[in-house]
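The data block below is start_16.cif; it holds mmCIF, C-alpha atoms.
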data_structure
#
loop_
_atom_site.label_atom_id
_atom_site.label_comp_id
_atom_site.auth_asym_id
_atom_site.auth_seq_id
_atom_site.Cartn_x
_atom_site.Cartn_y
_atom_site.Cartn_z
CA MET A 5 0.00 0.00 0.00
CA LEU A 6 1.44 3.35 -1.06
CA GLN A 7 0.49 6.40 1.04
CA LEU A 8 1.51 9.94 0.24
CA GLN A 9 1.08 12.82 2.65
CA LEU A 10 1.28 16.49 1.61
CA LEU A 11 1.48 19.18 4.29
CA SER A 12 0.38 22.71 3.43
CA SER A 13 2.41 25.48 4.98
CA PRO A 14 -0.34 27.81 6.28
CA PRO A 15 -3.36 26.42 8.08
CA LEU A 16 -6.60 26.93 6.26
CA THR A 17 -9.74 28.39 7.82
CA PRO A 18 -13.33 28.53 6.54
CA GLN A 19 -12.88 32.24 5.89
CA THR A 20 -9.79 31.82 3.73
CA LEU A 21 -11.06 28.81 1.80
CA ASN A 22 -14.10 28.77 -0.41
CA LEU A 23 -15.30 25.16 -0.55
CA ASN A 24 -17.14 25.78 -3.80
CA SER A 25 -13.85 26.60 -5.51
CA ILE A 26 -12.64 23.01 -5.11
CA SER A 27 -14.67 21.98 -8.08
CA ASN A 28 -13.20 24.79 -10.17
CA PRO A 29 -10.51 23.29 -12.42
CA LYS A 30 -8.76 26.65 -12.82
CA LEU A 31 -8.11 26.93 -9.10
CA PHE A 32 -7.39 23.28 -8.45
CA PRO A 33 -6.07 21.76 -11.67
CA SER A 34 -4.49 18.86 -9.82
CA PHE A 35 -7.88 17.72 -8.55
CA SER A 36 -9.52 17.87 -12.00
CA SER A 37 -6.71 15.87 -13.62
CA LEU A 38 -7.31 12.85 -11.45
CA ASN A 39 -8.48 9.75 -13.32
CA SER A 40 -11.76 8.63 -11.89
CA SER A 41 -11.24 5.09 -13.21
CA GLN A 42 -8.34 4.54 -10.80
CA THR A 43 -9.22 3.50 -7.28
CA ARG A 44 -8.09 6.30 -4.98
CA SER A 45 -9.57 7.95 -1.90
CA PHE A 46 -9.02 11.52 -0.70
CA LYS A 47 -9.32 12.87 2.78
CA PHE A 48 -9.36 16.65 2.82
CA ASN A 49 -10.16 18.60 5.94
CA PRO A 50 -9.79 22.40 5.58
CA LEU A 51 -10.19 22.97 9.34
CA SER A 52 -7.33 20.71 10.40
CA LYS A 53 -3.95 21.99 11.45
CA PRO A 54 -2.11 21.44 9.22
CA SER A 55 -4.30 20.40 6.36
CA LYS A 56 -3.24 17.26 4.54
CA PHE A 57 -4.54 14.66 2.15
CA SER A 58 -3.66 11.00 1.73
CA LEU A 59 -3.32 9.12 -1.54
CA LYS A 60 -3.90 5.38 -1.53
CA CYS A 61 -2.79 3.39 -4.55
CA ARG A 62 -3.99 -0.16 -5.03
CA GLN A 63 -1.35 -1.03 -7.58
CA SER A 64 0.71 -2.82 -4.97
CA GLU A 65 -2.31 -4.92 -4.03
CA TYR A 66 -2.62 -5.96 -7.68
CA PHE A 67 0.95 -7.20 -7.77
CA ASP A 68 0.52 -8.93 -4.42
CA GLN A 69 -2.51 -10.80 -5.75
CA LYS A 70 -0.66 -11.64 -8.96
CA GLN A 71 2.26 -13.03 -6.97
CA ARG A 72 -0.05 -15.10 -4.77
CA PHE A 73 -1.77 -16.48 -7.86
CA SER A 74 1.57 -17.37 -9.43
CA ASP A 75 2.72 -19.13 -6.26
CA SER A 76 -0.53 -21.07 -5.98
CA SER A 77 -0.35 -22.10 -9.64
CA SER A 78 3.18 -23.43 -9.29
CA SER A 79 2.35 -25.26 -6.08
CA THR A 80 -0.57 -27.04 -7.71
CA SER A 81 1.33 -28.32 -10.75
CA PRO A 82 0.82 -32.01 -11.61
CA SER A 83 4.32 -32.93 -10.45
CA SER A 84 3.90 -31.33 -7.03
CA LEU A 85 0.40 -32.71 -6.56
CA ALA A 86 1.49 -36.22 -7.33
CA GLY A 87 4.61 -35.86 -5.21
CA LEU A 88 6.70 -37.34 -8.04
CA PRO A 89 9.59 -35.88 -10.02
CA ALA A 90 8.98 -34.72 -13.55
CA ARG A 91 9.29 -37.36 -16.27
CA PHE A 92 11.05 -36.86 -19.57
CA TYR A 93 10.55 -38.70 -22.85
CA VAL A 94 13.45 -38.73 -25.27
CA GLY A 95 14.27 -40.32 -28.60
CA HIS A 96 16.34 -40.00 -31.73
CA SER A 97 15.05 -40.22 -35.30
CA ILE A 98 16.70 -40.83 -38.66
CA TYR A 99 14.79 -40.00 -41.84
CA LYS A 100 15.65 -41.40 -45.25
CA GLY A 101 13.90 -41.72 -48.60
CA LYS A 102 12.60 -45.27 -48.08
CA ALA A 103 11.86 -45.30 -44.34
CA ALA A 104 12.33 -43.59 -40.99
CA LEU A 105 13.85 -45.03 -37.81
CA THR A 106 13.08 -43.84 -34.27
CA VAL A 107 15.14 -45.01 -31.28
CA GLU A 108 13.69 -44.67 -27.76
CA PRO A 109 14.95 -46.05 -24.42
CA ARG A 110 12.62 -47.83 -22.00
CA ALA A 111 13.37 -47.80 -18.27
CA PRO A 112 13.82 -50.95 -16.17
CA GLU A 113 11.18 -52.13 -13.72
CA PHE A 114 11.61 -52.73 -9.99
CA VAL A 115 9.57 -54.62 -7.38
CA PRO A 116 9.53 -53.85 -3.64
CA LEU A 117 10.86 -56.35 -1.11
CA ASP A 118 9.68 -56.99 2.44
CA SER A 119 12.82 -55.30 3.73
CA GLY A 120 11.79 -52.03 2.10
CA ALA A 121 14.42 -52.29 -0.64
CA PHE A 122 13.76 -52.76 -4.35
CA LYS A 123 14.86 -55.48 -6.75
CA ILE A 124 14.97 -55.23 -10.51
CA SER A 125 12.28 -57.37 -12.12
CA ARG A 126 12.84 -56.46 -15.76
CA GLU A 127 15.78 -54.87 -17.48
CA GLY A 128 15.26 -51.88 -19.70
CA PHE A 129 15.56 -51.98 -23.45
CA VAL A 130 15.78 -49.79 -26.53
CA LEU A 131 12.75 -49.69 -28.81
CA LEU A 132 13.34 -49.40 -32.55
CA GLN A 133 10.41 -48.22 -34.67
CA PHE A 134 10.56 -48.55 -38.45
CA ALA A 135 8.04 -46.64 -40.59
CA PRO A 136 7.93 -47.04 -44.39
CA ALA A 137 7.81 -43.96 -46.59
CA ALA A 138 4.42 -42.82 -47.91
CA GLY A 139 5.71 -39.98 -50.07
CA VAL A 140 8.36 -37.29 -50.16
CA ARG A 141 9.32 -36.67 -46.53
CA GLN A 142 6.16 -38.47 -45.43
CA TYR A 143 6.04 -41.71 -43.45
CA ASP A 144 3.20 -44.08 -42.65
CA TRP A 145 3.48 -44.61 -38.89
CA SER A 146 0.28 -46.68 -38.91
CA ARG A 147 2.31 -49.40 -40.65
CA LYS A 148 5.30 -49.12 -38.34
CA GLN A 149 7.13 -52.23 -37.16
CA VAL A 150 8.87 -52.37 -33.79
CA PHE A 151 11.86 -54.28 -32.49
CA SER A 152 13.09 -54.25 -28.87
CA LEU A 153 16.84 -54.45 -28.35
CA SER A 154 17.93 -56.17 -25.14
CA VAL A 155 21.03 -55.06 -23.23
CA THR A 156 23.04 -57.92 -24.77
CA GLU A 157 21.93 -56.99 -28.29
CA ILE A 158 22.82 -53.37 -27.57
CA GLY A 159 26.28 -54.52 -26.54
CA THR A 160 26.62 -56.38 -29.85
CA LEU A 161 25.77 -53.23 -31.81
CA ILE A 162 28.17 -51.11 -29.77
CA SER A 163 31.07 -53.48 -30.53
CA LEU A 164 30.16 -53.83 -34.20
CA GLY A 165 32.86 -52.71 -36.65
CA MET A 166 32.23 -50.86 -39.88
CA ARG A 167 32.82 -54.03 -41.92
CA GLU A 168 31.00 -56.39 -39.58
CA SER A 169 27.38 -57.56 -39.57
CA CYS A 170 24.97 -59.12 -37.10
CA ASP A 171 21.37 -60.29 -36.95
CA PHE A 172 18.82 -60.78 -34.18
CA PHE A 173 15.79 -63.06 -34.15
CA HIS A 174 12.72 -62.45 -31.95
CA ASP A 175 9.60 -64.51 -31.34
CA PRO A 176 7.29 -62.48 -29.02
CA PHE A 177 5.22 -65.62 -28.28
CA LYS A 178 8.11 -67.97 -27.58
CA GLY A 179 7.08 -70.56 -25.00
CA LYS A 180 3.39 -69.77 -25.51
CA SER A 181 0.61 -71.30 -27.57
CA ASP A 182 1.20 -68.90 -30.48
CA GLU A 183 4.90 -69.64 -30.73
CA GLY A 184 6.18 -69.37 -34.29
CA LYS A 185 3.28 -67.30 -35.57
CA VAL A 186 5.21 -64.02 -35.29
CA ARG A 187 8.80 -63.84 -36.47
CA LYS A 188 11.00 -60.75 -36.43
CA VAL A 189 14.52 -60.64 -37.85
CA LEU A 190 16.73 -57.55 -37.62
CA LYS A 191 19.83 -57.60 -39.81
CA VAL A 192 22.58 -55.01 -39.57
CA GLU A 193 24.91 -55.27 -42.56
CA PRO A 194 27.66 -52.96 -43.86
CA LEU A 195 26.99 -50.86 -46.94
CA PRO A 196 28.91 -51.93 -50.06
CA ASP A 197 31.10 -48.80 -50.04
CA GLY A 198 31.80 -49.06 -46.31
CA SER A 199 30.11 -45.73 -45.53
CA GLY A 200 27.64 -47.16 -43.02
CA HIS A 201 25.21 -49.99 -42.35
CA PHE A 202 21.85 -51.23 -43.53
CA PHE A 203 19.21 -51.76 -40.83
CA ASN A 204 16.81 -54.30 -42.30
CA LEU A 205 13.76 -55.46 -40.32
CA GLY A 206 11.65 -58.32 -41.61
CA VAL A 207 8.34 -59.15 -39.90
CA GLN A 208 6.11 -62.15 -40.56
CA ASN A 209 2.89 -62.09 -38.57
CA LYS A 210 0.52 -64.94 -39.38
CA LEU A 211 -2.01 -63.68 -36.85
CA LEU A 212 -2.51 -60.43 -38.77
CA ASN A 213 -1.47 -61.74 -42.19
CA VAL A 214 1.46 -59.34 -42.38
CA ASP A 215 4.68 -59.94 -44.25
CA GLU A 216 6.71 -56.75 -44.46
CA ASN A 217 10.32 -55.79 -44.90
CA VAL A 218 11.59 -52.31 -43.97
CA TYR A 219 15.19 -51.22 -44.45
CA ILE A 220 17.01 -47.96 -43.94
CA PRO A 221 20.65 -47.01 -44.61
CA ILE A 222 22.56 -45.61 -41.63
CA THR A 223 25.66 -43.56 -42.33
CA ARG A 224 28.87 -43.86 -40.33
CA GLY A 225 28.14 -40.64 -38.45
CA GLU A 226 24.58 -41.69 -37.65
CA PHE A 227 25.78 -45.10 -36.51
CA THR A 228 28.38 -43.43 -34.27
CA VAL A 229 25.65 -41.35 -32.66
CA LEU A 230 23.57 -44.47 -32.01
CA LYS A 231 26.50 -46.35 -30.48
CA SER A 232 27.37 -43.38 -28.26
CA ALA A 233 23.76 -43.12 -27.05
CA PHE A 234 23.64 -46.89 -26.46
CA SER A 235 26.86 -46.77 -24.43
CA PHE A 236 25.51 -43.96 -22.27
CA ILE A 237 22.11 -45.49 -21.54
CA LEU A 238 23.25 -49.10 -20.99
CA PRO A 239 23.97 -48.84 -17.21
CA TYR A 240 20.59 -47.18 -16.72
CA LEU A 241 18.83 -50.00 -18.54
CA LEU A 242 20.49 -52.40 -16.08
CA GLY A 243 19.24 -50.33 -13.15
CA TRP A 244 22.73 -49.70 -11.81
CA HIS A 245 22.07 -45.97 -11.51
CA ALA A 246 19.44 -46.69 -8.83
CA PHE A 247 21.95 -48.73 -6.87
CA ALA A 248 24.63 -46.04 -7.20
CA ASN A 249 22.24 -43.28 -6.07
CA SER A 250 21.16 -45.27 -3.02
CA THR A 251 24.68 -46.19 -1.90
CA LYS A 252 26.27 -44.26 0.97
CA PRO A 253 29.54 -44.94 2.81
CA ASP A 254 27.86 -45.91 6.10
CA ASP A 255 25.17 -47.95 4.32
CA THR A 256 27.81 -49.90 2.38
CA SER A 257 29.64 -51.10 5.49
CA ARG A 258 26.38 -51.94 7.23
CA ALA A 259 25.13 -53.93 4.22
CA ASN A 260 28.40 -55.83 3.94
CA ASN A 261 28.27 -56.85 7.59
CA ALA A 262 24.62 -57.89 7.36
CA ASN A 263 25.10 -60.09 4.29
CA PRO A 264 28.74 -60.99 3.59
CA ARG A 265 27.85 -62.61 0.25
CA TYR A 266 27.47 -59.16 -1.26
CA GLY A 267 30.54 -57.68 0.44
CA GLY A 268 33.66 -56.74 -1.44
CA ASP A 269 35.83 -58.72 1.01
CA TYR A 270 33.96 -61.99 0.59
CA GLU A 271 36.24 -63.24 -2.20
CA TRP A 272 39.38 -62.57 -0.17
CA SER A 273 38.07 -64.01 3.10
CA ARG A 274 37.54 -67.53 1.70
#
Translate the structure of the given file into structure tokens.
Amino acid sequence: MLQLQLLSSPPLTPQTLNLNSISNPKLFPSFSSLNSSQTRSFKFNPLSKPSKFSLKCRQSEYFDQKQRFSDSSSSTSPSSLAGLPARFYVGHSIYKGKAALTVEPRAPEFVPLDSGAFKISREGFVLLQFAPAAGVRQYDWSRKQVFSLSVTEIGTLISLGMRESCDFFHDPFKGKSDEGKVRKVLKVEPLPDGSGHFFNLGVQNKLLNVDENVYIPITRGEFTVLKSAFSFILPYLLGWHAFANSTKPDDTSRANNANPRYGGDYEWSR
């Protein structure tokens, strides 16, 4: 709240002040120039010693309300309401004339134990999505084919040389009643001129009557980017980052004493 006080030098009396002249803009131009749309209040007493008036500006109240609204909006964001940290979705895409390839990591899964700790139940993986071209710089993602790279398959790609090749075979229904009805084969072969690799995904799905083959050339630079990203994300797919973040010096010694099988000195104490 802003308050201004103005003191007049001589005291005013009813004889020296004509109250009707207040409304005269020639005598009191400052009064007539006030904007009636702004919220202000005047207190003018000609008989007081000394005479004064107070100016109240509500602009500060506006900013106070705006600040309170901003604070309340940030405190009621979805992340704060849920009590969970913000989640981020990342990926990397490569677009070529015949197809497009999108690479996305998938986090591992953990299950709680009776002791209050967590144990990994499923390792993470990298999801490859192949979409055939439907035109110039257009891709039909409704016909996309997916292939999930395990941590071991990621390691094979990371160690792959420019003149080397590899292939992976997946049966999503292996060990189930529909085993053999869906076959996926991913082949990574070097280009004839040695400038990169072909990523060729063949899918045979007898359940949906689908037999499709999608391939995309990957240059040496693009393949280097993929291998660098795979190397970075691999420990996270194994869940080792969760173990590293939860490890403290005092907790390590206490855990080793409680269960010597997991201690670093177990091998040397045999």
Excluding A:Arg224 and any residue of its chain fewer than 6 positions from it, enumerate the residues within 12 Å of it, using all atoms listed in the file, and give them as a PyMOL selection string.
chain A and resi 164-167+194-195+197-202+230-231
With 10 Å as the cut-off and all atoms listed in the file counted, what is the closest atom pair between each nearby residue of stretch 187-229 of chain A and stretch 89-111 of chain A? Distances in Å to one decimal, ordered by chain and number, as a Markdown table.
| residue | atom | partner | partner_atom | distance |
| --- | --- | --- | --- | --- |
| A:Phe203 | CA | A:Leu105 | CA | 9.1 |
| A:Val218 | CA | A:Ala103 | CA | 7.0 |
| A:Tyr219 | CA | A:Ala103 | CA | 6.8 |
| A:Ile220 | CA | A:Ala103 | CA | 5.8 |
| A:Pro221 | CA | A:Lys100 | CA | 7.5 |
| A:Ile222 | CA | A:Ile98 | CA | 8.1 |
| A:Glu226 | CA | A:Ile98 | CA | 8.0 |
| A:Val229 | CA | A:His96 | CA | 9.5 |
Tell me, as a list of chain:residue names, which residues lie within 10 Å of A:Val130, counting only C-alpha atoms; anything in the same chain fewer than 2 positions away does not count.
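Near A:Val130, the qualifying residues are A:Gly95, A:Val107, A:Glu108, A:Pro109, A:Arg110, A:Ala111, A:Gly128, A:Leu132, A:Gln133, A:Phe151, A:Ser152, A:Leu153, A:Ser154, A:Val155, A:Glu157, A:Ile158, A:Phe234, A:Ile237, A:Leu238, A:Leu241.
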Spell out the residues picked by the PyMOL selection byres ((chain A and resi 188) around 10) here, as a PyMOL selection string.
chain A and resi 149-151+172-176+186-187+189-191+205-209+216-217
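Atom CA of A:Asp182 sits 24.3 Å away from atom CA of A:Ser125.
Take atom CA of A:Leu242 and atom CA of A:Gly120: the distance between them is 20.2 Å.
Take atom CA of A:Phe122 and atom CA of A:Lys252: the distance between them is 16.0 Å.
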Near A:Thr156, counting only C-alpha atoms, which residues have an atom at most 10 Å away, once you skip same-chain residues fewer than 4 positions from it, shown as a list of chain:residue names?
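Close residues of A:Thr156: A:Phe129, A:Thr160, A:Leu161, A:Ile162, A:Leu238.
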